[in-house]
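Listing of target.json; format and content: JSON, C-alpha atoms.
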```json
[["chain", "number", "residue", "atom", "x", "y", "z"],
["O", 1, "MET", "CA", 0.00, 0.00, 0.00],
["O", 2, "ASN", "CA", 1.29, 3.39, -0.98],
["O", 3, "THR", "CA", 1.31, 6.24, 1.51],
["O", 4, "THR", "CA", 2.35, 9.08, -0.79],
["O", 5, "ALA", "CA", -0.55, 11.39, -1.49],
["O", 6, "ARG", "CA", -1.28, 11.62, -5.19],
["O", 7, "THR", "CA", -3.71, 13.96, -6.85],
["O", 8, "SER", "CA", -6.45, 12.23, -8.79],
["O", 9, "ASP", "CA", -8.17, 14.27, -11.47],
["O", 10, "LEU", "CA", -10.86, 11.67, -12.10],
["O", 11, "SER", "CA", -13.95, 13.33, -13.49],
["O", 12, "VAL", "CA", -17.18, 11.33, -13.88],
["O", 13, "ASN", "CA", -20.13, 12.86, -15.67],
["O", 14, "ALA", "CA", -23.63, 11.38, -15.81],
["O", 15, "ALA", "CA", -25.96, 14.04, -17.17],
["O", 16, "PRO", "CA", -29.65, 13.82, -16.20],
["O", 17, "ASN", "CA", -31.86, 11.84, -18.58],
["O", 18, "SER", "CA", -28.89, 10.50, -20.52],
["O", 19, "HIS", "CA", -27.90, 6.89, -21.30],
["O", 20, "GLU", "CA", -24.23, 7.82, -20.85],
["O", 21, "ILE", "CA", -21.59, 7.86, -18.18],
["O", 22, "ALA", "CA", -18.45, 9.69, -19.31],
["O", 23, "PHE", "CA", -15.20, 9.87, -17.40],
["O", 24, "THR", "CA", -11.67, 11.10, -17.82],
["O", 25, "ARG", "CA", -8.51, 10.53, -15.76],
["O", 26, "THR", "CA", -4.86, 11.31, -16.42],
["O", 27, "PHE", "CA", -1.85, 9.20, -15.46],
["O", 28, "ASP", "CA", 1.77, 10.28, -15.16],
["O", 29, "ALA", "CA", 2.98, 7.64, -17.60],
["O", 30, "PRO", "CA", 3.10, 7.10, -21.37],
["O", 31, "ARG", "CA", -0.01, 5.63, -22.87],
["O", 32, "GLU", "CA", 1.84, 2.50, -23.98],
["O", 33, "ALA", "CA", 2.39, 1.72, -20.29],
["O", 34, "VAL", "CA", -1.26, 2.33, -19.35],
["O", 35, "TYR", "CA", -2.53, 0.28, -22.29],
["O", 36, "ALA", "CA", -0.12, -2.53, -21.40],
["O", 37, "LEU", "CA", -1.46, -2.81, -17.84],
["O", 38, "TYR", "CA", -5.03, -2.76, -19.19],
["O", 39, "THR", "CA", -4.41, -5.70, -21.48],
["O", 40, "ASP", "CA", -2.02, -7.88, -19.44],
["O", 41, "ALA", "CA", -3.73, -10.78, -17.65],
["O", 42, "THR", "CA", -0.94, -10.91, -15.06],
["O", 43, "ALA", "CA", -1.18, -7.17, -14.30],
["O", 44, "ILE", "CA", -4.98, -6.85, -14.10],
["O", 45, "PRO", "CA", -5.29, -8.66, -10.71],
["O", 46, "GLN", "CA", -2.94, -6.01, -9.28],
["O", 47, "TRP", "CA", -5.20, -3.05, -10.02],
["O", 48, "TRP", "CA", -8.69, -3.98, -11.33],
["O", 49, "GLY", "CA", -11.48, -3.42, -8.77],
["O", 50, "PRO", "CA", -11.60, -2.17, -5.20],
["O", 51, "ARG", "CA", -8.76, -3.22, -2.87],
["O", 52, "ARG", "CA", -11.02, -5.32, -0.63],
["O", 53, "PHE", "CA", -11.44, -7.87, -3.43],
["O", 54, "ARG", "CA", -9.04, -10.33, -4.92],
["O", 55, "THR", "CA", -9.29, -10.17, -8.71],
["O", 56, "VAL", "CA", -9.01, -13.22, -10.94],
["O", 57, "VAL", "CA", -8.81, -13.06, -14.74],
["O", 58, "ASP", "CA", -10.96, -15.95, -15.92],
["O", 59, "GLU", "CA", -10.85, -15.05, -19.62],
["O", 60, "LEU", "CA", -9.02, -12.36, -21.61],
["O", 61, "ASP", "CA", -9.27, -13.04, -25.31],
["O", 62, "LEU", "CA", -8.14, -9.66, -26.60],
["O", 63, "ARG", "CA", -9.37, -9.71, -30.18],
["O", 64, "VAL", "CA", -12.52, -8.47, -31.89],
["O", 65, "GLY", "CA", -15.27, -10.88, -30.87],
["O", 66, "GLY", "CA", -13.17, -12.25, -28.01],
["O", 67, "ARG", "CA", -14.55, -12.51, -24.49],
["O", 68, "TRP", "CA", -13.23, -11.22, -21.17],
["O", 69, "ARG", "CA", -14.35, -12.31, -17.71],
["O", 70, "PHE", "CA", -12.96, -11.12, -14.38],
["O", 71, "LEU", "CA", -13.94, -12.15, -10.86],
["O", 72, "ASN", "CA", -13.86, -10.03, -7.71],
["O", 73, "ILE", "CA", -13.60, -12.34, -4.69],
["O", 74, "ASP", "CA", -14.14, -11.09, -1.14],
["O", 75, "SER", "CA", -12.62, -12.38, 2.10],
["O", 76, "ASP", "CA", -15.55, -14.82, 2.52],
["O", 77, "ASP", "CA", -14.85, -16.27, -0.95],
["O", 78, "ASN", "CA", -17.99, -14.74, -2.44],
["O", 79, "GLU", "CA", -17.42, -14.29, -6.18],
["O", 80, "TYR", "CA", -18.70, -11.35, -8.23],
["O", 81, "GLY", "CA", -18.36, -11.90, -11.95],
["O", 82, "PHE", "CA", -18.01, -9.35, -14.74],
["O", 83, "HIS", "CA", -17.75, -10.16, -18.42],
["O", 84, "GLY", "CA", -18.07, -8.80, -21.91],
["O", 85, "VAL", "CA", -16.98, -9.02, -25.52],
["O", 86, "PHE", "CA", -14.35, -6.93, -27.31],
["O", 87, "HIS", "CA", -15.81, -5.11, -30.30],
["O", 88, "GLU", "CA", -13.06, -2.79, -31.53],
["O", 89, "ILE", "CA", -9.40, -2.79, -30.65],
["O", 90, "THR", "CA", -6.94, -0.18, -31.89],
["O", 91, "LEU", "CA", -3.61, -1.30, -30.46],
["O", 92, "GLY", "CA", -2.40, 1.14, -27.80],
["O", 93, "GLU", "CA", -5.22, 3.60, -28.46],
["O", 94, "ARG", "CA", -8.72, 2.29, -28.05],
["O", 95, "ILE", "CA", -10.84, -0.56, -26.77],
["O", 96, "ASP", "CA", -14.61, -0.87, -27.35],
["O", 97, "GLN", "CA", -16.27, -3.61, -25.37],
["O", 98, "THR", "CA", -19.48, -4.66, -23.73],
["O", 99, "PHE", "CA", -19.73, -4.90, -19.96],
["O", 100, "GLU", "CA", -22.04, -7.01, -17.81],
["O", 101, "PHE", "CA", -22.12, -7.46, -14.05],
["O", 102, "GLU", "CA", -23.30, -10.99, -13.43],
["O", 103, "GLY", "CA", -25.09, -9.86, -10.26],
["O", 104, "ALA", "CA", -27.50, -7.87, -12.45],
["O", 105, "PRO", "CA", -28.14, -10.21, -15.39],
["O", 106, "GLY", "CA", -29.73, -8.76, -18.48],
["O", 107, "HIS", "CA", -28.11, -5.33, -18.15],
["O", 108, "VAL", "CA", -25.54, -4.99, -20.87],
["O", 109, "SER", "CA", -23.66, -1.75, -21.39],
["O", 110, "LEU", "CA", -21.38, -0.70, -24.20],
["O", 111, "GLU", "CA", -18.09, 1.03, -23.42],
["O", 112, "THR", "CA", -15.30, 2.76, -25.24],
["O", 113, "LEU", "CA", -11.92, 3.52, -23.70],
["O", 114, "ARG", "CA", -9.49, 5.89, -25.42],
["O", 115, "PHE", "CA", -5.84, 6.11, -24.42],
["O", 116, "GLY", "CA", -4.66, 9.59, -25.40],
["O", 117, "GLN", "CA", -1.28, 11.25, -24.90],
["O", 118, "ASP", "CA", -1.31, 14.80, -23.58],
["O", 119, "ALA", "CA", 1.36, 17.29, -24.69],
["O", 120, "ASP", "CA", 3.07, 17.00, -21.30],
["O", 121, "GLY", "CA", 3.56, 13.27, -21.74],
["O", 122, "ARG", "CA", 0.75, 12.22, -19.43],
["O", 123, "THR", "CA", -1.80, 9.67, -20.55],
["O", 124, "ARG", "CA", -5.37, 10.87, -20.76],
["O", 125, "LEU", "CA", -7.82, 8.00, -20.40],
["O", 126, "THR", "CA", -11.35, 8.85, -21.54],
["O", 127, "GLY", "CA", -14.18, 6.43, -21.17],
["O", 128, "THR", "CA", -17.81, 6.37, -22.21],
["O", 129, "SER", "CA", -20.39, 3.82, -21.17],
["O", 130, "VAL", "CA", -23.92, 3.68, -22.55],
["O", 131, "SER", "CA", -26.74, 1.58, -21.12],
["O", 132, "LEU", "CA", -29.90, 0.41, -22.86],
["O", 133, "SER", "CA", -32.03, 2.72, -20.72],
["O", 134, "VAL", "CA", -31.59, 5.84, -18.61],
["O", 135, "GLU", "CA", -32.86, 3.80, -15.63],
["O", 136, "ALA", "CA", -30.15, 1.17, -16.12],
["O", 137, "ARG", "CA", -27.53, 3.93, -16.38],
["O", 138, "ASP", "CA", -28.88, 5.52, -13.18],
["O", 139, "ALA", "CA", -28.66, 2.15, -11.40],
["O", 140, "ILE", "CA", -24.97, 1.87, -12.33],
["O", 141, "VAL", "CA", -24.30, 5.39, -11.06],
["O", 142, "GLY", "CA", -26.24, 4.62, -7.87],
["O", 143, "SER", "CA", -24.26, 1.42, -7.26],
["O", 144, "GLY", "CA", -21.20, 3.46, -6.30],
["O", 145, "MET", "CA", -19.49, 3.15, -9.65],
["O", 146, "GLU", "CA", -17.58, 6.43, -9.20],
["O", 147, "GLY", "CA", -15.98, 5.32, -5.93],
["O", 148, "GLY", "CA", -15.01, 1.98, -7.43],
["O", 149, "LEU", "CA", -13.49, 3.67, -10.45],
["O", 150, "ALA", "CA", -11.55, 6.11, -8.25],
["O", 151, "GLU", "CA", -10.06, 3.26, -6.22],
["O", 152, "THR", "CA", -9.27, 1.20, -9.31],
["O", 153, "TYR", "CA", -7.41, 4.10, -10.90],
["O", 154, "GLU", "CA", -5.50, 4.89, -7.70],
["O", 155, "ARG", "CA", -4.29, 1.29, -7.81],
["O", 156, "LEU", "CA", -3.40, 1.61, -11.48],
["O", 157, "GLU", "CA", -1.47, 4.80, -10.78],
["O", 158, "GLU", "CA", 0.47, 3.13, -7.97],
["O", 159, "LEU", "CA", 1.35, 0.23, -10.24],
["O", 160, "LEU", "CA", 2.53, 2.62, -12.96],
["O", 161, "ALA", "CA", 4.72, 4.40, -10.40],
["O", 162, "GLY", "CA", 6.17, 1.07, -9.31],
["O", 163, "SER", "CA", 5.06, 1.63, -5.75],
["L", 1, "MET", "CA", -45.08, -8.66, -54.16],
["L", 2, "ASN", "CA", -48.20, -7.87, -52.23],
["L", 3, "THR", "CA", -50.71, -5.33, -53.46],
["L", 4, "THR", "CA", -53.04, -5.24, -50.47],
["L", 5, "ALA", "CA", -52.68, -2.01, -48.56],
["L", 6, "ARG", "CA", -51.65, -2.67, -44.98],
["L", 7, "THR", "CA", -51.46, -0.14, -42.21],
["L", 8, "SER", "CA", -48.07, 0.20, -40.64],
["L", 9, "ASP", "CA", -47.98, 1.68, -37.15],
["L", 10, "LEU", "CA", -44.20, 1.92, -37.05],
["L", 11, "SER", "CA", -43.14, 4.64, -34.67],
["L", 12, "VAL", "CA", -39.48, 5.69, -34.48],
["L", 13, "ASN", "CA", -38.35, 8.09, -31.79],
["L", 14, "ALA", "CA", -34.94, 9.74, -31.61],
["L", 15, "ALA", "CA", -35.13, 12.50, -29.01],
["L", 16, "PRO", "CA", -32.68, 15.42, -29.37],
["L", 17, "ASN", "CA", -29.37, 15.03, -27.51],
["L", 18, "SER", "CA", -30.03, 11.38, -26.72],
["L", 19, "HIS", "CA", -27.93, 8.29, -27.46],
["L", 20, "GLU", "CA", -31.09, 6.31, -28.15],
["L", 21, "ILE", "CA", -33.32, 5.35, -31.04],
["L", 22, "ALA", "CA", -36.55, 3.70, -29.88],
["L", 23, "PHE", "CA", -39.15, 2.13, -32.11],
["L", 24, "THR", "CA", -42.33, 0.11, -31.89],
["L", 25, "ARG", "CA", -44.31, -1.79, -34.52],
["L", 26, "THR", "CA", -47.19, -4.23, -34.24],
["L", 27, "PHE", "CA", -47.81, -7.31, -36.38],
["L", 28, "ASP", "CA", -51.04, -9.23, -36.87],
["L", 29, "ALA", "CA", -49.50, -12.54, -35.78],
["L", 30, "PRO", "CA", -48.58, -14.29, -32.54],
["L", 31, "ARG", "CA", -45.18, -13.39, -31.16],
["L", 32, "GLU", "CA", -43.94, -16.96, -31.59],
["L", 33, "ALA", "CA", -44.34, -16.49, -35.35],
["L", 34, "VAL", "CA", -42.53, -13.13, -35.38],
["L", 35, "TYR", "CA", -39.70, -14.44, -33.20],
["L", 36, "ALA", "CA", -39.39, -17.51, -35.42],
["L", 37, "LEU", "CA", -38.88, -15.42, -38.58],
["L", 38, "TYR", "CA", -36.33, -13.26, -36.71],
["L", 39, "THR", "CA", -34.22, -16.23, -35.76],
["L", 40, "ASP", "CA", -34.53, -18.51, -38.80],
["L", 41, "ALA", "CA", -31.58, -18.29, -41.21],
["L", 42, "THR", "CA", -33.74, -19.48, -44.11],
["L", 43, "ALA", "CA", -36.46, -16.87, -43.44],
["L", 44, "ILE", "CA", -34.20, -13.84, -42.86],
["L", 45, "PRO", "CA", -33.24, -13.44, -46.57],
["L", 46, "GLN", "CA", -36.97, -13.12, -47.33],
["L", 47, "TRP", "CA", -37.52, -10.00, -45.21],
["L", 48, "TRP", "CA", -34.31, -8.47, -43.77],
["L", 49, "GLY", "CA", -33.29, -5.18, -45.43],
["L", 50, "PRO", "CA", -34.71, -3.09, -48.26],
["L", 51, "ARG", "CA", -36.21, -4.93, -51.24],
["L", 52, "ARG", "CA", -33.56, -3.70, -53.66],
["L", 53, "PHE", "CA", -30.95, -5.88, -51.94],
["L", 54, "ARG", "CA", -30.49, -9.59, -51.87],
["L", 55, "THR", "CA", -29.81, -10.67, -48.26],
["L", 56, "VAL", "CA", -27.40, -13.45, -47.37],
["L", 57, "VAL", "CA", -27.05, -14.86, -43.86],
["L", 58, "ASP", "CA", -23.31, -15.39, -43.46],
["L", 59, "GLU", "CA", -23.42, -16.29, -39.74],
["L", 60, "LEU", "CA", -26.27, -16.78, -37.25],
["L", 61, "ASP", "CA", -25.00, -18.33, -34.06],
["L", 62, "LEU", "CA", -28.01, -17.64, -31.86],
["L", 63, "ARG", "CA", -26.58, -18.07, -28.37],
["L", 64, "VAL", "CA", -25.12, -15.66, -25.83],
["L", 65, "GLY", "CA", -21.69, -14.68, -27.16],
["L", 66, "GLY", "CA", -22.56, -15.97, -30.64],
["L", 67, "ARG", "CA", -22.04, -13.87, -33.73],
["L", 68, "TRP", "CA", -24.39, -12.88, -36.53],
["L", 69, "ARG", "CA", -23.44, -11.46, -39.92],
["L", 70, "PHE", "CA", -25.77, -10.58, -42.79],
["L", 71, "LEU", "CA", -24.94, -9.19, -46.22],
["L", 72, "ASN", "CA", -27.05, -6.89, -48.38],
["L", 73, "ILE", "CA", -26.05, -7.33, -52.02],
["L", 74, "ASP", "CA", -27.18, -4.94, -54.74],
["L", 75, "SER", "CA", -27.78, -5.64, -58.44],
["L", 76, "ASP", "CA", -24.13, -4.76, -59.21],
["L", 77, "ASP", "CA", -22.96, -7.35, -56.66],
["L", 78, "ASN", "CA", -21.76, -4.72, -54.20],
["L", 79, "GLU", "CA", -21.84, -6.21, -50.73],
["L", 80, "TYR", "CA", -22.81, -4.31, -47.58],
["L", 81, "GLY", "CA", -22.02, -6.23, -44.40],
["L", 82, "PHE", "CA", -23.65, -6.00, -40.98],
["L", 83, "HIS", "CA", -22.65, -7.98, -37.94],
["L", 84, "GLY", "CA", -22.83, -8.20, -34.18],
["L", 85, "VAL", "CA", -22.80, -10.43, -31.14],
["L", 86, "PHE", "CA", -25.78, -11.79, -29.19],
["L", 87, "HIS", "CA", -25.66, -10.74, -25.54],
["L", 88, "GLU", "CA", -28.96, -11.84, -24.03],
["L", 89, "ILE", "CA", -31.54, -14.20, -25.46],
["L", 90, "THR", "CA", -34.86, -14.95, -23.80],
["L", 91, "LEU", "CA", -36.49, -17.50, -26.07],
["L", 92, "GLY", "CA", -39.49, -16.01, -27.85],
["L", 93, "GLU", "CA", -39.35, -12.77, -25.90],
["L", 94, "ARG", "CA", -36.14, -10.82, -26.14],
["L", 95, "ILE", "CA", -32.85, -10.46, -27.97],
["L", 96, "ASP", "CA", -30.03, -8.11, -26.92],
["L", 97, "GLN", "CA", -27.26, -7.75, -29.45],
["L", 98, "THR", "CA", -24.62, -5.43, -30.79],
["L", 99, "PHE", "CA", -24.92, -4.04, -34.31],
["L", 100, "GLU", "CA", -22.21, -2.79, -36.65],
["L", 101, "PHE", "CA", -22.44, -1.65, -40.25],
["L", 102, "GLU", "CA", -19.17, -2.61, -41.88],
["L", 103, "GLY", "CA", -19.33, 0.50, -44.09],
["L", 104, "ALA", "CA", -18.85, 2.63, -40.95],
["L", 105, "PRO", "CA", -16.23, 0.68, -39.00],
["L", 106, "GLY", "CA", -15.73, 1.59, -35.37],
["L", 107, "HIS", "CA", -19.35, 2.51, -34.72],
["L", 108, "VAL", "CA", -20.87, -0.16, -32.54],
["L", 109, "SER", "CA", -24.39, 0.16, -31.21],
["L", 110, "LEU", "CA", -26.20, -1.93, -28.62],
["L", 111, "GLU", "CA", -29.77, -3.04, -29.27],
["L", 112, "THR", "CA", -32.58, -4.73, -27.44],
["L", 113, "LEU", "CA", -35.63, -6.21, -29.16],
["L", 114, "ARG", "CA", -38.70, -7.24, -27.14],
["L", 115, "PHE", "CA", -41.43, -9.41, -28.59],
["L", 116, "GLY", "CA", -44.61, -8.62, -26.65],
["L", 117, "GLN", "CA", -48.13, -9.95, -27.08],
["L", 118, "ASP", "CA", -50.91, -7.39, -27.01],
["L", 119, "ALA", "CA", -54.33, -8.30, -25.53],
["L", 120, "ASP", "CA", -55.83, -8.50, -29.05],
["L", 121, "GLY", "CA", -53.32, -11.18, -30.05],
["L", 122, "ARG", "CA", -51.06, -8.89, -32.08],
["L", 123, "THR", "CA", -47.34, -8.91, -31.54],
["L", 124, "ARG", "CA", -45.82, -5.68, -30.32],
["L", 125, "LEU", "CA", -42.17, -5.43, -31.27],
["L", 126, "THR", "CA", -40.27, -2.77, -29.34],
["L", 127, "GLY", "CA", -36.68, -1.96, -30.06],
["L", 128, "THR", "CA", -34.07, 0.27, -28.51],
["L", 129, "SER", "CA", -30.66, 1.06, -29.95],
["L", 130, "VAL", "CA", -28.00, 3.07, -28.13],
["L", 131, "SER", "CA", -24.83, 4.42, -29.73],
["L", 132, "LEU", "CA", -21.59, 5.43, -28.03],
["L", 133, "SER", "CA", -22.23, 9.10, -28.80],
["L", 134, "VAL", "CA", -25.16, 11.33, -29.70],
["L", 135, "GLU", "CA", -23.32, 12.16, -32.96],
["L", 136, "ALA", "CA", -23.10, 8.48, -33.90],
["L", 137, "ARG", "CA", -26.80, 8.09, -33.11],
["L", 138, "ASP", "CA", -27.61, 11.13, -35.25],
["L", 139, "ALA", "CA", -25.60, 9.67, -38.13],
["L", 140, "ILE", "CA", -27.67, 6.47, -38.00],
["L", 141, "VAL", "CA", -30.90, 8.49, -38.01],
["L", 142, "GLY", "CA", -29.56, 10.60, -40.89],
["L", 143, "SER", "CA", -28.64, 7.52, -42.93],
["L", 144, "GLY", "CA", -32.32, 6.79, -43.59],
["L", 145, "MET", "CA", -32.67, 4.16, -40.91],
["L", 146, "GLU", "CA", -36.40, 4.83, -40.49],
["L", 147, "GLY", "CA", -37.19, 4.18, -44.15],
["L", 148, "GLY", "CA", -35.13, 1.00, -44.13],
["L", 149, "LEU", "CA", -36.89, -0.21, -41.01],
["L", 150, "ALA", "CA", -40.31, 0.58, -42.49],
["L", 151, "GLU", "CA", -39.54, -1.43, -45.63],
["L", 152, "THR", "CA", -38.05, -4.31, -43.66],
["L", 153, "TYR", "CA", -41.14, -4.57, -41.47],
["L", 154, "GLU", "CA", -43.50, -4.35, -44.44],
["L", 155, "ARG", "CA", -41.67, -7.37, -45.84],
["L", 156, "LEU", "CA", -41.86, -9.16, -42.50],
["L", 157, "GLU", "CA", -45.61, -8.46, -42.33],
["L", 158, "GLU", "CA", -46.12, -9.84, -45.83],
["L", 159, "LEU", "CA", -44.21, -12.99, -44.93],
["L", 160, "LEU", "CA", -46.28, -13.43, -41.76],
["L", 161, "ALA", "CA", -49.46, -13.07, -43.85],
["L", 162, "GLY", "CA", -48.17, -15.71, -46.28],
["L", 163, "SER", "CA", -48.42, -13.30, -49.18]]
```
Just give me the structure of the file as structure tokens.
Amino acid sequence: MNTTARTSDLSVNAAPNSHEIAFTRTFDAPREAVYALYTDATAIPQWWGPRRFRTVVDELDLRVGGRWRFLNIDSDDNEYGFHGVFHEITLGERIDQTFEFEGAPGHVSLETLRFGQDADGRTRLTGTSVSLSVEARDAIVGSGMEGGLAETYERLEELLAGS
Amino acid sequence: MNTTARTSDLSVNAAPNSHEIAFTRTFDAPREAVYALYTDATAIPQWWGPRRFRTVVDELDLRVGGRWRFLNIDSDDNEYGFHGVFHEITLGERIDQTFEFEGAPGHVSLETLRFGQDADGRTRLTGTSVSLSVEARDAIVGSGMEGGLAETYERLEELLAGS
């Protein structure tokens, strides 16, 4: 666990009556490094999800049409599954995928992640998620998605810093 | 070709500044019959797409995670491909899938189709499509999607009527 205070600039935007959640976050690392941690089955357990869970990569078939499935496992061995399908992959730049939480079956969302490089060398990660209804989007927001994302990206930042 | 005038109640709604296209259409047939034509690879070429194209079912793997791919082929043998992945299937009631037009690569949308039975025995088909941006949604609307849908459902209605 890292004790150095870092400044997170995570911004999450869910406008009223919209199907979308949009977020942006920068990282003090080149985008190749951020993309690599996003797509490496051995790295993902070190940063994906809140710290109170152990993360297991069950599937990571990183090609168009390929499936991913990750598990969050708590200290009582309860498993929470997440899965989806990759739809577009631009190496080092972009991933479009679907996302489903297995605890809420039948609620698919569609996501795009863009790995951009700012002029100062930082990586700017921008994400968009759309749900099939505004109500489903609101349920994701209400589930504490922003806090989970903040913790996940703190972990990713620590890993990038080698801490 | 059928010469009997039929009344289409197709309603397509694309609210300003929304990611969504929503539509509804009724058919004078039980929903089992409508669902069957939607999921039958030998029936799809008889109704899917505008009449000026020949439709070929290249893939139809109707299971969660399975892929579909249809081609529209014009009189000059130009091929227009469409494909996606099935995400949720409730037999006879609901299909969630992704949709991509291969002429506009990188623009995935997520769709749900519900096959409902009205009290008078008609099938009520309701569909929702969400795109990753409002601009992408607007481009689909601007491409003449409503006219294509109207023609497709006229063909489906004719097939259901055995005409």
Review point. Which one is closest to Asp118 of chain O: O:Gln97, O:Thr152, O:Ser11, O:Thr26? Count all atoms listed in the file.
Key: O:Thr26
For chain O, work out the contacting residues on chain L at 12 Å, counting all atoms listed in the file, and write them as a compact mmCIF listing (two decimals) with C-alpha atoms, in the frame of the given file.
```txt
# COMPACT_ATOMS: atom_id res chain seq x y z
CA ALA L 15 -35.13 12.50 -29.01
CA PRO L 16 -32.68 15.42 -29.37
CA ASN L 17 -29.37 15.03 -27.51
CA SER L 18 -30.03 11.38 -26.72
CA HIS L 19 -27.93 8.29 -27.46
CA GLU L 20 -31.09 6.31 -28.15
CA ILE L 21 -33.32 5.35 -31.04
CA ALA L 22 -36.55 3.70 -29.88
CA VAL L 64 -25.12 -15.66 -25.83
CA GLY L 65 -21.69 -14.68 -27.16
CA GLY L 66 -22.56 -15.97 -30.64
CA ARG L 67 -22.04 -13.87 -33.73
CA TRP L 68 -24.39 -12.88 -36.53
CA HIS L 83 -22.65 -7.98 -37.94
CA GLY L 84 -22.83 -8.20 -34.18
CA VAL L 85 -22.80 -10.43 -31.14
CA PHE L 86 -25.78 -11.79 -29.19
CA HIS L 87 -25.66 -10.74 -25.54
CA GLU L 88 -28.96 -11.84 -24.03
CA ILE L 89 -31.54 -14.20 -25.46
CA THR L 90 -34.86 -14.95 -23.80
CA ARG L 94 -36.14 -10.82 -26.14
CA ILE L 95 -32.85 -10.46 -27.97
CA ASP L 96 -30.03 -8.11 -26.92
CA GLN L 97 -27.26 -7.75 -29.45
CA THR L 98 -24.62 -5.43 -30.79
CA PHE L 99 -24.92 -4.04 -34.31
CA GLU L 100 -22.21 -2.79 -36.65
CA PRO L 105 -16.23 0.68 -39.00
CA GLY L 106 -15.73 1.59 -35.37
CA HIS L 107 -19.35 2.51 -34.72
CA VAL L 108 -20.87 -0.16 -32.54
CA SER L 109 -24.39 0.16 -31.21
CA LEU L 110 -26.20 -1.93 -28.62
CA GLU L 111 -29.77 -3.04 -29.27
CA THR L 112 -32.58 -4.73 -27.44
CA LEU L 113 -35.63 -6.21 -29.16
CA GLY L 127 -36.68 -1.96 -30.06
CA THR L 128 -34.07 0.27 -28.51
CA SER L 129 -30.66 1.06 -29.95
CA VAL L 130 -28.00 3.07 -28.13
CA SER L 131 -24.83 4.42 -29.73
CA LEU L 132 -21.59 5.43 -28.03
CA SER L 133 -22.23 9.10 -28.80
CA VAL L 134 -25.16 11.33 -29.70
CA ARG L 137 -26.80 8.09 -33.11
```
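One finds atom CA of Thr24 of chain L at 9.5 Å from atom CA of Arg114 of chain L.
Using only C-alpha atoms, the smallest distance between any of L:Glu79, L:Asp138, L:Glu93, L:Asp28 and Asp58 of chain L comes from L:Glu79.
Closest to Arg54 of chain L among L:Met145, L:Ala104, L:Ala150, L:Ile73 is L:Ile73, based on only C-alpha atoms.
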Within 12 Å of (3.3, 15.1, -21.8) (file coordinates; only C-alpha atoms), which protein or nucleic acid residues are there? I'd like them as a PDB file with C-alpha atoms, keeping the file's coordinate frame.
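The result, written out as result_1.pdb:
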```
ATOM      1  CA  THR O  26      -4.860  11.310 -16.420  1.00  0.00           C
ATOM      2  CA  PHE O  27      -1.850   9.200 -15.460  1.00  0.00           C
ATOM      3  CA  ASP O  28       1.770  10.280 -15.160  1.00  0.00           C
ATOM      4  CA  ALA O  29       2.980   7.640 -17.600  1.00  0.00           C
ATOM      5  CA  PRO O  30       3.100   7.100 -21.370  1.00  0.00           C
ATOM      6  CA  ARG O  31      -0.010   5.630 -22.870  1.00  0.00           C
ATOM      7  CA  GLY O 116      -4.660   9.590 -25.400  1.00  0.00           C
ATOM      8  CA  GLN O 117      -1.280  11.250 -24.900  1.00  0.00           C
ATOM      9  CA  ASP O 118      -1.310  14.800 -23.580  1.00  0.00           C
ATOM     10  CA  ALA O 119       1.360  17.290 -24.690  1.00  0.00           C
ATOM     11  CA  ASP O 120       3.070  17.000 -21.300  1.00  0.00           C
ATOM     12  CA  GLY O 121       3.560  13.270 -21.740  1.00  0.00           C
ATOM     13  CA  ARG O 122       0.750  12.220 -19.430  1.00  0.00           C
ATOM     14  CA  THR O 123      -1.800   9.670 -20.550  1.00  0.00           C
ATOM     15  CA  ARG O 124      -5.370  10.870 -20.760  1.00  0.00           C
TER      16      ARG O 124
END
```
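Atom to atom, atom CA of Val34 of chain O and atom CA of Arg155 of chain O stand 12.0 Å apart.
Here atom CA of Leu91 of chain O and atom CA of Ala41 of chain O stand 15.9 Å from one another.
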Find the smallest box with edges along x, y and z containing every listed atom of segment 11-17 of chain O, then add 8 Å on each side and report centre and edge lengths in Å to one decimal, as AutoDock Vina command-line options.
```
--center_x -22.9 --center_y 12.7 --center_z -16.0 --size_x 33.9 --size_y 18.7 --size_z 21.1
```
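Across O:Thr39, O:Gly81, O:Ser143, O:Ile44, the tightest approach to Arg63 of chain O is made by O:Thr39 when counting only C-alpha atoms.
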